[in-house]
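Text of run_9.cif, listed as mmCIF, C-alpha atoms:
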data_input
#
loop_
_atom_site.label_atom_id
_atom_site.label_comp_id
_atom_site.auth_asym_id
_atom_site.auth_seq_id
_atom_site.Cartn_x
_atom_site.Cartn_y
_atom_site.Cartn_z
CA MET I 1 123.93 87.69 99.73
CA ARG I 2 124.46 87.73 103.48
CA VAL I 3 127.51 85.54 102.97
CA PHE I 4 128.80 88.21 100.60
CA ARG I 5 128.30 90.86 103.24
CA TYR I 6 130.14 88.90 105.91
CA LEU I 7 132.92 88.16 103.49
CA ILE I 8 133.23 91.84 102.66
CA LEU I 9 133.48 92.71 106.34
CA VAL I 10 136.31 90.22 106.65
CA ILE I 11 138.26 91.38 103.64
CA LEU I 12 137.46 95.08 103.60
CA PHE I 13 140.44 97.00 104.82
CA HIS I 14 142.24 93.71 105.40
CA PRO I 15 145.88 94.63 106.05
CA LEU I 16 147.54 94.73 102.65
CA HIS I 17 151.19 95.18 102.00
CA LEU I 18 150.30 97.48 99.10
CA ALA I 19 149.28 100.39 101.31
CA ALA I 20 149.53 104.06 100.42
CA ASP I 21 153.06 105.31 100.04
CA SER I 22 151.90 108.90 100.44
CA PRO I 23 150.99 110.02 103.98
CA VAL I 24 148.31 112.33 102.54
CA ALA I 25 146.86 109.47 100.50
CA ALA I 26 146.78 107.36 103.65
CA GLN I 27 144.88 110.13 105.44
CA TRP I 28 142.23 110.27 102.71
CA TYR I 29 142.00 106.50 102.81
CA ALA I 30 141.48 106.54 106.59
CA ALA I 31 138.82 109.25 106.27
CA GLY I 32 137.03 107.20 103.62
CA SER I 33 137.18 104.11 105.83
CA LYS I 34 135.51 106.00 108.66
CA LEU I 35 132.73 107.21 106.37
CA TYR I 36 132.25 103.71 105.03
CA TYR I 37 131.61 102.31 108.49
CA GLN I 38 129.15 105.18 109.03
CA LYS I 39 127.39 104.01 105.83
CA GLN I 40 128.06 107.34 104.12
CA TYR I 41 129.09 105.58 100.95
CA ASP I 42 129.00 108.50 98.50
CA GLN I 43 131.24 110.63 100.73
CA ALA I 44 133.51 107.64 101.31
CA LEU I 45 133.88 107.17 97.57
CA GLN I 46 135.03 110.76 97.22
CA ASP I 47 137.72 110.31 99.88
CA PHE I 48 138.91 107.05 98.37
CA ALA I 49 139.05 108.76 94.97
CA TYR I 50 141.25 111.53 96.40
CA SER I 51 143.50 108.91 97.94
CA LEU I 52 143.85 107.08 94.61
CA ARG I 53 144.66 110.30 92.78
CA LEU I 54 147.63 110.71 95.08
CA ASP I 55 148.64 107.05 94.89
CA ASN I 56 146.94 104.83 92.30
CA ARG I 57 148.83 101.72 93.38
CA GLN I 58 146.75 101.07 96.51
CA ALA I 59 145.10 97.69 96.31
CA ALA I 60 143.23 98.38 99.56
CA ALA I 61 141.74 101.63 98.21
CA TYR I 62 140.42 99.92 95.06
CA GLN I 63 138.99 97.20 97.26
CA ALA I 64 137.32 99.81 99.47
CA VAL I 65 135.79 101.53 96.42
CA GLY I 66 134.41 98.18 95.34
CA SER I 67 132.88 97.63 98.78
CA CYS I 68 131.19 101.04 98.63
CA TYR I 69 129.63 100.20 95.28
CA TYR I 70 128.58 96.83 96.60
CA ALA I 71 126.90 98.49 99.56
CA LYS I 72 125.13 100.80 97.08
CA ASN I 73 123.77 97.72 95.26
CA GLN I 74 125.94 98.29 92.19
CA PRO I 75 127.62 94.88 91.92
CA ALA I 76 128.96 95.43 88.40
CA LEU I 77 131.02 98.45 89.52
CA ALA I 78 131.98 96.66 92.72
CA LEU I 79 133.30 93.74 90.69
CA ARG I 80 135.35 96.05 88.47
CA TYR I 81 137.17 97.69 91.38
CA TYR I 82 137.67 94.39 93.18
CA GLN I 83 139.39 93.14 90.04
CA TYR I 84 141.58 96.24 89.99
CA SER I 85 142.59 95.45 93.55
CA LEU I 86 143.41 91.85 92.64
CA GLN I 87 145.62 93.01 89.79
CA LEU I 88 147.71 94.83 92.35
CA ASN I 89 147.50 92.12 94.98
CA PRO I 90 146.60 88.74 93.43
CA SER I 91 147.42 86.97 96.70
CA ASN I 92 144.27 88.33 98.40
CA ALA I 93 142.48 84.98 98.65
CA PRO I 94 139.31 86.21 100.45
CA LEU I 95 138.78 88.90 97.82
CA GLN I 96 139.44 86.40 95.05
CA ALA I 97 136.70 84.17 96.47
CA LEU I 98 134.30 87.10 96.58
CA VAL I 99 135.12 88.08 92.99
CA THR I 100 134.50 84.52 91.85
CA ARG I 101 131.06 84.50 93.46
CA LEU I 102 130.19 87.96 92.19
CA SER I 103 131.23 87.02 88.67
CA ALA I 104 128.96 83.99 88.80
CA SER I 105 126.05 86.06 90.07
CA GLN I 106 126.46 88.52 87.20
CA ASN I 107 125.65 85.69 84.81
CA ASP I 108 122.57 84.70 86.80
CA PRO I 109 119.50 86.62 85.55
CA LEU I 110 117.62 85.88 88.76
CA ALA I 111 120.47 87.35 90.81
CA THR I 112 120.40 90.42 88.56
CA ALA I 113 116.67 90.79 89.15
CA ASN I 114 117.22 90.44 92.89
CA GLN I 115 119.83 93.18 92.83
CA GLU I 116 117.54 95.55 90.93
CA TYR I 117 114.73 94.84 93.37
CA GLN I 118 117.07 95.45 96.28
CA SER I 119 117.99 98.78 94.68
CA ARG I 120 114.25 99.61 94.59
CA GLN I 121 114.27 99.66 90.81
CA TYR I 122 110.98 97.82 90.82
CA SER I 123 109.99 98.29 87.18
CA GLN I 124 113.36 97.05 85.92
CA ALA I 125 113.35 94.21 88.42
CA LEU I 126 109.84 93.21 87.36
CA ALA I 127 110.92 93.03 83.72
CA ALA I 128 113.93 90.94 84.75
CA TYR I 129 111.83 88.52 86.82
CA GLN I 130 109.33 88.17 83.99
CA GLY I 131 112.19 87.45 81.62
CA VAL I 132 113.40 84.69 83.93
CA SER I 133 109.92 83.20 84.25
CA ALA I 134 109.55 83.23 80.47
CA GLN I 135 112.79 81.29 80.08
CA GLN I 136 112.27 79.16 83.20
CA PRO I 137 108.49 78.67 83.61
CA GLN I 138 109.06 76.29 86.54
CA ASN I 139 111.06 78.83 88.55
CA ALA I 140 108.85 79.65 91.53
CA LYS I 141 111.27 82.33 92.80
CA ALA I 142 110.93 84.28 89.56
CA PHE I 143 107.15 84.47 89.95
CA GLN I 144 107.51 85.33 93.62
CA GLY I 145 109.99 88.08 92.78
CA ALA I 146 107.62 89.47 90.15
CA GLY I 147 104.89 89.48 92.77
CA ASN I 148 107.12 91.40 95.16
CA CYS I 149 107.77 94.06 92.51
CA GLN I 150 104.09 94.32 91.62
CA TYR I 151 103.25 94.62 95.30
CA ALA I 152 105.80 97.40 95.74
CA LEU I 153 104.41 99.16 92.64
CA GLY I 154 100.89 99.00 94.09
CA ASP I 155 99.42 96.50 91.62
CA MET I 156 97.88 94.15 94.18
CA THR I 157 95.85 92.15 91.66
CA ALA I 158 98.90 91.31 89.56
CA ALA I 159 100.97 90.61 92.68
CA LEU I 160 98.37 88.16 93.95
CA ALA I 161 98.31 86.38 90.59
CA SER I 162 102.11 86.08 90.59
CA TYR I 163 102.19 84.79 94.15
CA LYS I 164 99.55 82.18 93.32
CA GLN I 165 101.64 81.05 90.34
CA ALA I 166 104.66 80.73 92.63
CA LEU I 167 102.59 78.65 95.05
CA ALA I 168 101.37 76.43 92.24
CA LEU I 169 105.00 75.65 91.45
CA ASN I 170 106.05 75.36 95.09
CA PRO I 171 103.02 74.53 97.28
CA ASN I 172 105.30 73.86 100.27
CA ASN I 173 106.10 77.57 100.60
CA GLN I 174 103.97 78.00 103.72
CA ALA I 175 105.18 81.53 104.44
CA LEU I 176 104.06 82.71 101.02
CA ALA I 177 100.78 80.83 101.36
CA ASP I 178 100.09 82.62 104.65
CA PHE I 179 100.98 85.95 103.07
CA VAL I 180 98.60 85.31 100.15
CA THR I 181 95.84 84.39 102.61
CA ARG I 182 96.33 87.72 104.35
CA MET I 183 96.37 89.53 101.02
CA ASN I 184 93.11 87.87 99.98
CA ALA I 185 91.49 88.82 103.27
CA ALA I 186 92.70 92.40 102.98
CA GLN I 187 91.49 92.71 99.38
CA THR I 188 88.08 91.27 100.30
CA ALA I 189 87.72 93.65 103.23
CA LYS I 190 88.77 96.54 101.03
CA LEU I 191 86.24 95.68 98.34
CA ASN I 192 83.43 95.13 100.83
CA ALA I 193 84.08 98.53 102.36
CA MET I 194 83.79 100.33 99.03
CA PRO I 195 80.53 101.82 97.73
CA LYS I 196 78.83 99.66 95.13
CA ASP I 197 78.43 100.77 91.55
CA TRP I 198 74.75 99.78 91.29
CA ALA I 199 73.80 102.12 88.44
CA GLN I 200 75.80 100.23 85.80
CA PRO I 201 74.21 96.79 86.29
CA LEU I 202 70.77 98.34 86.90
CA TRP I 203 70.42 100.04 83.53
CA ARG I 204 71.87 97.03 81.78
CA SER I 205 69.32 94.66 83.33
CA ALA I 206 66.57 97.19 82.63
CA ILE I 207 67.42 97.11 78.91
CA LEU I 208 68.26 93.40 78.66
CA PRO I 209 67.42 91.18 81.64
CA GLY I 210 70.49 89.24 82.73
CA TRP I 211 72.98 91.71 81.27
CA GLY I 212 73.43 93.39 84.66
CA GLN I 213 74.18 90.02 86.24
CA GLY I 214 76.86 89.42 83.63
CA TYR I 215 78.33 92.85 84.40
CA ASN I 216 78.48 91.84 88.07
CA GLY I 217 80.47 88.74 87.18
CA GLN I 218 77.50 86.34 87.53
CA SER I 219 77.35 85.15 83.96
CA THR I 220 75.54 81.87 84.66
CA LYS I 221 72.80 83.62 86.60
CA GLY I 222 72.57 86.22 83.86
CA TRP I 223 72.06 83.59 81.16
CA ILE I 224 69.43 81.81 83.26
CA LEU I 225 67.49 84.98 83.99
CA GLY I 226 67.83 86.24 80.44
CA GLY I 227 66.72 82.89 79.02
CA THR I 228 63.78 82.71 81.43
CA GLU I 229 62.63 86.19 80.44
CA LEU I 230 62.94 85.30 76.78
CA VAL I 231 60.79 82.17 77.21
CA LEU I 232 58.18 84.10 79.20
CA ALA I 233 58.14 86.91 76.64
CA VAL I 234 57.68 84.47 73.76
CA THR I 235 54.98 82.65 75.72
CA THR I 236 53.15 85.90 76.51
CA ILE I 237 53.23 87.08 72.90
CA SER I 238 52.37 83.73 71.32
CA THR I 239 49.48 83.01 73.67
CA ASP I 240 48.10 86.48 73.03
CA LEU I 241 48.25 85.96 69.27
CA ILE I 242 46.75 82.48 69.43
CA GLY I 243 44.08 83.58 71.91
CA THR I 244 43.17 86.59 69.80
CA GLN I 245 42.74 84.39 66.73
CA ALA I 246 40.56 81.96 68.70
CA GLU I 247 38.52 84.85 70.08
CA ASN I 248 37.93 86.32 66.64
CA LYS I 249 37.00 82.89 65.30
CA TYR I 250 34.54 82.27 68.13
CA LEU I 251 32.94 85.69 67.81
CA GLY I 252 32.63 85.23 64.07
CA LEU I 253 30.70 81.99 64.27
CA GLY I 254 27.10 82.20 63.15
CA ALA I 255 24.05 80.46 64.55
CA GLY I 256 23.01 76.89 63.85
CA LEU I 257 26.39 75.20 64.39
CA SER I 258 27.07 72.23 66.62
CA GLN I 259 28.14 72.80 70.22
CA GLY I 260 31.54 71.39 69.42
CA ALA I 261 32.08 74.06 66.78
CA TYR I 262 31.57 76.71 69.44
CA ASN I 263 33.50 74.95 72.22
CA SER I 264 36.75 74.46 70.31
CA PRO I 265 37.63 78.14 69.64
CA TYR I 266 36.19 79.22 72.98
CA ASP I 267 38.26 76.70 74.94
CA THR I 268 41.39 77.72 73.04
CA TRP I 269 40.64 81.38 73.72
CA SER I 270 40.10 80.71 77.42
CA GLU I 271 43.19 78.48 77.78
CA MET I 272 45.46 80.95 76.00
CA ALA I 273 44.12 83.78 78.15
CA ASN I 274 44.96 81.88 81.35
CA ILE I 275 48.45 80.99 80.16
CA ASN I 276 48.97 84.53 78.93
CA HIS I 277 48.06 86.01 82.31
CA ILE I 278 50.40 83.61 84.14
CA ALA I 279 53.29 84.24 81.74
CA TYR I 280 52.76 88.00 81.88
CA ILE I 281 52.76 88.06 85.68
CA ALA I 282 55.82 85.74 85.80
CA PHE I 283 57.62 87.95 83.26
CA GLY I 284 57.02 90.99 85.47
CA LEU I 285 58.18 89.20 88.61
CA VAL I 286 61.36 87.87 86.99
CA TYR I 287 62.05 91.29 85.46
CA ALA I 288 61.70 92.94 88.88
CA TYR I 289 63.97 90.26 90.38
CA THR I 290 66.69 90.91 87.79
CA LEU I 291 66.65 94.62 88.66
CA ILE I 292 66.78 94.03 92.41
CA ASP I 293 69.43 91.33 92.08
CA ALA I 294 71.57 93.57 89.85
CA VAL I 295 71.56 96.26 92.53
CA VAL I 296 72.07 93.94 95.53
CA ASN I 297 75.00 92.10 93.93
CA ALA I 298 76.58 95.16 92.34
CA ARG I 299 80.36 95.19 92.35
CA PRO I 300 82.40 97.87 94.14
CA ASP I 301 82.99 101.01 92.16
CA GLN I 302 85.80 100.07 89.77
CA ALA I 303 87.20 103.58 89.72
CA MET I 304 87.96 103.18 93.42
CA ALA I 305 88.67 99.45 93.46
CA GLU I 306 91.47 99.84 90.90
CA MET I 307 93.30 102.57 92.82
CA PRO I 308 96.63 101.10 93.95
CA SER I 309 97.39 100.89 97.64
CA LEU I 310 100.43 102.99 98.45
CA LEU I 311 103.18 101.49 100.57
CA PRO I 312 105.31 103.45 102.97
CA SER I 313 108.45 104.50 101.13
CA ASN I 314 110.67 102.55 103.50
CA MET I 315 108.69 99.31 103.43
CA GLN I 316 109.92 96.39 101.40
CA VAL I 317 108.68 92.90 100.73
CA ALA I 318 111.65 90.63 101.24
CA LEU I 319 112.21 87.77 98.83
CA LEU I 320 113.35 84.82 100.89
CA ASP I 321 113.88 81.16 100.10
CA HIS I 322 110.98 80.24 102.35
CA GLY I 323 108.53 83.03 101.55
CA VAL I 324 108.01 86.74 101.90
CA GLN I 325 108.37 89.01 104.85
CA MET I 326 107.44 92.63 105.52
CA ARG I 327 110.42 94.64 106.66
CA TRP I 328 111.06 98.21 107.60
CA LYS I 329 114.40 98.17 105.86
CA VAL I 330 115.92 97.18 102.56
CA ALA I 331 115.15 93.56 101.79
CA GLU I 332 117.97 91.07 101.69
CA PHE I 333 118.05 88.17 99.29
#
I'd like the structure from this file rewritten - as structure tokens, please.
Amino acid sequence: MRVFRYLILVILFHPLHLAADSPVAAQWYAAGSKLYYQKQYDQALQDFAYSLRLDNRQAAAYQAVGSCYYAKNQPALALRYYQYSLQLNPSNAPLQALVTRLSASQNDPLATANQEYQSRQYSQALAAYQGVSAQQPQNAKAFQGAGNCQYALGDMTAALASYKQALALNPNNQALADFVTRMNAAQTAKLNAMPKDWAQPLWRSAILPGWGQGYNGQSTKGWILGGTELVLAVTTISTDLIGTQAENKYLGLGAGLSQGAYNSPYDTWSEMANINHIAYIAFGLVYAYTLIDAVVNARPDQAMAEMPSLLPSNMQVALLDHGVQMRWKVAEF
């Protein structure tokens, strides 16, 4: 795109033999030229339009209109007026070269997405980049461009995912890798600074041990704690039932039996009581641990964590061949 800009500077207002025949038209053309160089493109377009109303055979004026639209990131309109200029002056070789390149870029969906991004039409550009990535799943630039749009729209999570996909396709993109590292660090710092939503995992673990751990994203720990509590609960209940039966049997024995007849139910009763006490105490300890762990490892409050970070209105993330770059001006591709 920079080559385009340099080429435009060379050919814009290049001396053409098809100049305005009307002195008034020439004055409007000159006024428009001055406004163009001052980057007042809308006002320049008005002056060029007045000039063309007075003399619609000015190849230079059509070319100037095209350059204004190009500067406004409207390449389709720029191409149309450049072609009008060439119809009047087909010998303009520099402009012909520019038209050829512009025509080719119009058929390139990635170039179209770049132009929409450059125009700050981030939603449209995102859709275009995603369309390219769907058709060309190995195109790292498409994923990187999607990440740039998502970043500009404030969706940092999606942007990070897109950047990582771009890096997976092009791991040599060191600039992007460094940018992702900084993004990860910033996101981690942001999350750590947020208040934790401890109430949600706490009541879940209170109802079903391990559920709170799963809510906190620690599924494996949750299954282990939940399974341990289940085993201890079953052990506590079963030993109580078995011990109670042995107790009732022992207390129901009459006199005159052998010592072994008394020892068997008594030993079972005593053994089950010991196991029951251990399992009950362990159940309580593990239950308390699940509650404490659910609170300690609570995630940041999602209502705050999901709020998008706003970017300054004049900040862009530039899509470059070698990575991304923060700029305080419109990004160039």
- prompt: In terms of the shortest atom-to-atom distance over only C-alpha atoms, which of I:Gly256, I:Tyr287, I:Tyr262, I:Glu271 is closest to Gly227 in chain I?
  reply: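 Nearest to Gly227 in chain I: I:Tyr287.
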task: Quick one: apply the PyMOL selection byres ((chain I and resi 204-208) around 12) to the file and drop the selected residues here as number ranges by chain.
output: I: 198-203, 209-216, 222-223, 225-230, 284, 286-295, 298
query: Which one of I:Phe143, I:Phe283, I:Tyr82, I:Tyr117 sits closest to Arg101 in chain I if you count only C-alpha atoms?
result: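 Residue with the minimum atom-to-atom distance to Arg101 in chain I: I:Tyr82.
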query: Could you work out how far CA of Tyr129 in chain I lies from CA of Ala142 in chain I, giving the answer in Å with one decimal?
result: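 CA of Ala142 in chain I sits 5.1 Å away from CA of Tyr129 in chain I.
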query: If you count all atoms listed in the file, which residues fall within 9 Å of Val24 in chain I, apart from same-chain ones fewer than 4 positions away, as a ChimeraX atom specification?
result: /I:20,28-29,51,54
message: Just to confirm, what's the straight-line distance from CA of Ser85 in chain I to CA of Gln63 in chain I in Å (one decimal)?
response: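 Between CA of Ser85 in chain I and CA of Gln63 in chain I the gap is 5.5 Å.
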Minimum-distance residue to Lys72 in chain I, chosen among I:Asn89, I:Gln130, I:Asn56, I:Ser119 (using only C-alpha atoms):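 Answer, going by the shortest atom-to-atom distance: I:Ser119.
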task: Tell me, in Å to one decimal, how far CA of Ile242 in chain I is from CA of Ile281 in chain I.
output: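 Distance between the two atoms: 18.2 Å.
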field: Residues matched by the PyMOL selection byres ((chain I and resi 133-140) around 9) as a list in words
entry: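 With the shown file as input, the PyMOL selection byres ((chain I and resi 133-140) around 9) matches Ala128, Tyr129, Gln130, Gly131, Val132, Lys141, Ala142, Phe143, Gln144, Gly145, Ala146, Tyr163, Gln165, Ala166, Leu167, Ala168, Leu169 and Asn170 of chain I.
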field: Residue contacts of Ala246 in chain I (7 Å, all atoms listed in the file) excluding same-chain residues fewer than 5 positions away, as number ranges by chain
entry: I: 265-266, 268-269
- prompt: So which one's closest to Gln124 in chain I, I:Leu102, I:Ile275, I:Leu153, I:Ala26? Using only C-alpha atoms, please.
  reply: I:Leu153
Once the PyMOL selection byres ((chain I and resi 243) around 12) has been applied to the shown file, what residues remain in the selection, as a tab-separated table (two decimals) with C-alpha atoms, in the coordinates of the input?
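The new file expr25.tsv reads:
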chain	number	residue	atom	x	y	z
I	235	THR	CA	54.98	82.65	75.72
I	236	THR	CA	53.15	85.90	76.51
I	237	ILE	CA	53.23	87.08	72.90
I	238	SER	CA	52.37	83.73	71.32
I	239	THR	CA	49.48	83.01	73.67
I	240	ASP	CA	48.10	86.48	73.03
I	241	LEU	CA	48.25	85.96	69.27
I	242	ILE	CA	46.75	82.48	69.43
I	244	THR	CA	43.17	86.59	69.80
I	245	GLN	CA	42.74	84.39	66.73
I	246	ALA	CA	40.56	81.96	68.70
I	247	GLU	CA	38.52	84.85	70.08
I	248	ASN	CA	37.93	86.32	66.64
I	249	LYS	CA	37.00	82.89	65.30
I	250	TYR	CA	34.54	82.27	68.13
I	264	SER	CA	36.75	74.46	70.31
I	265	PRO	CA	37.63	78.14	69.64
I	266	TYR	CA	36.19	79.22	72.98
I	267	ASP	CA	38.26	76.70	74.94
I	268	THR	CA	41.39	77.72	73.04
I	269	TRP	CA	40.64	81.38	73.72
I	270	SER	CA	40.10	80.71	77.42
I	271	GLU	CA	43.19	78.48	77.78
I	272	MET	CA	45.46	80.95	76.00
I	273	ALA	CA	44.12	83.78	78.15
I	274	ASN	CA	44.96	81.88	81.35
I	275	ILE	CA	48.45	80.99	80.16
I	276	ASN	CA	48.97	84.53	78.93
I	277	HIS	CA	48.06	86.01	82.31
- prompt: So which one's closest to Ala282 in chain I, I:Val231, I:Ala185, I:Phe48, I:Gln27? Using only C-alpha atoms, please.
  reply: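 Smallest separation from Ala282 in chain I among the options: I:Val231.
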query: Residues at most 9 Å from Tyr70 in chain I, counting all atoms listed in the file, excluding those fewer than 6 positions away in the same chain, as a PyMOL selection string?
result: chain I and resi 5+76-79
Hey, can you spit out that residue selection with C-alpha atoms as a short mmCIF file (atom, residue, chain, number, x, y, z; two decimals), keeping the file's coordinate frame?
data_model
loop_
_atom_site.label_atom_id
_atom_site.label_comp_id
_atom_site.auth_asym_id
_atom_site.auth_seq_id
_atom_site.Cartn_x
_atom_site.Cartn_y
_atom_site.Cartn_z
CA ARG I 5 128.30 90.86 103.24
CA ALA I 76 128.96 95.43 88.40
CA LEU I 77 131.02 98.45 89.52
CA ALA I 78 131.98 96.66 92.72
CA LEU I 79 133.30 93.74 90.69
#
Which residues of range 51-156 of chain I come within 10 Å of range 37-47 of chain I, and for each one, what is the closest pair of atoms and their distance in Å to one decimal, counting all atoms listed in the file, sorted by chain and residue number, as a tab-separated table?
residue	atom	partner	partner_atom	distance
I:Ser51	CA	I:Asp47	CA	6.3
I:Leu52	CA	I:Asp47	CA	8.7
I:Arg53	CA	I:Asp47	CA	9.9
I:Ala61	CA	I:Leu45	CA	9.6
I:Ala64	CA	I:Leu45	CA	8.3
I:Val65	CA	I:Leu45	CA	6.1
I:Gly66	CA	I:Leu45	CA	9.3
I:Ser67	CA	I:Tyr41	CA	9.1
I:Cys68	CA	I:Tyr41	CA	5.5
I:Tyr69	CA	I:Tyr41	CA	7.8
I:Tyr70	CA	I:Tyr41	CA	9.8
I:Ala71	CA	I:Tyr41	CA	7.5
I:Lys72	CA	I:Tyr41	CA	7.3
I:Thr100, I:Asn173, I:Gln121, I:Asn73 ranked by distance to Gln150 in chain I, top pick (using all atoms listed in the file):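 Checking each of I:Thr100, I:Asn173, I:Gln121, I:Asn73 against Gln150 in chain I, counting all atoms listed in the file, the winner is I:Gln121.
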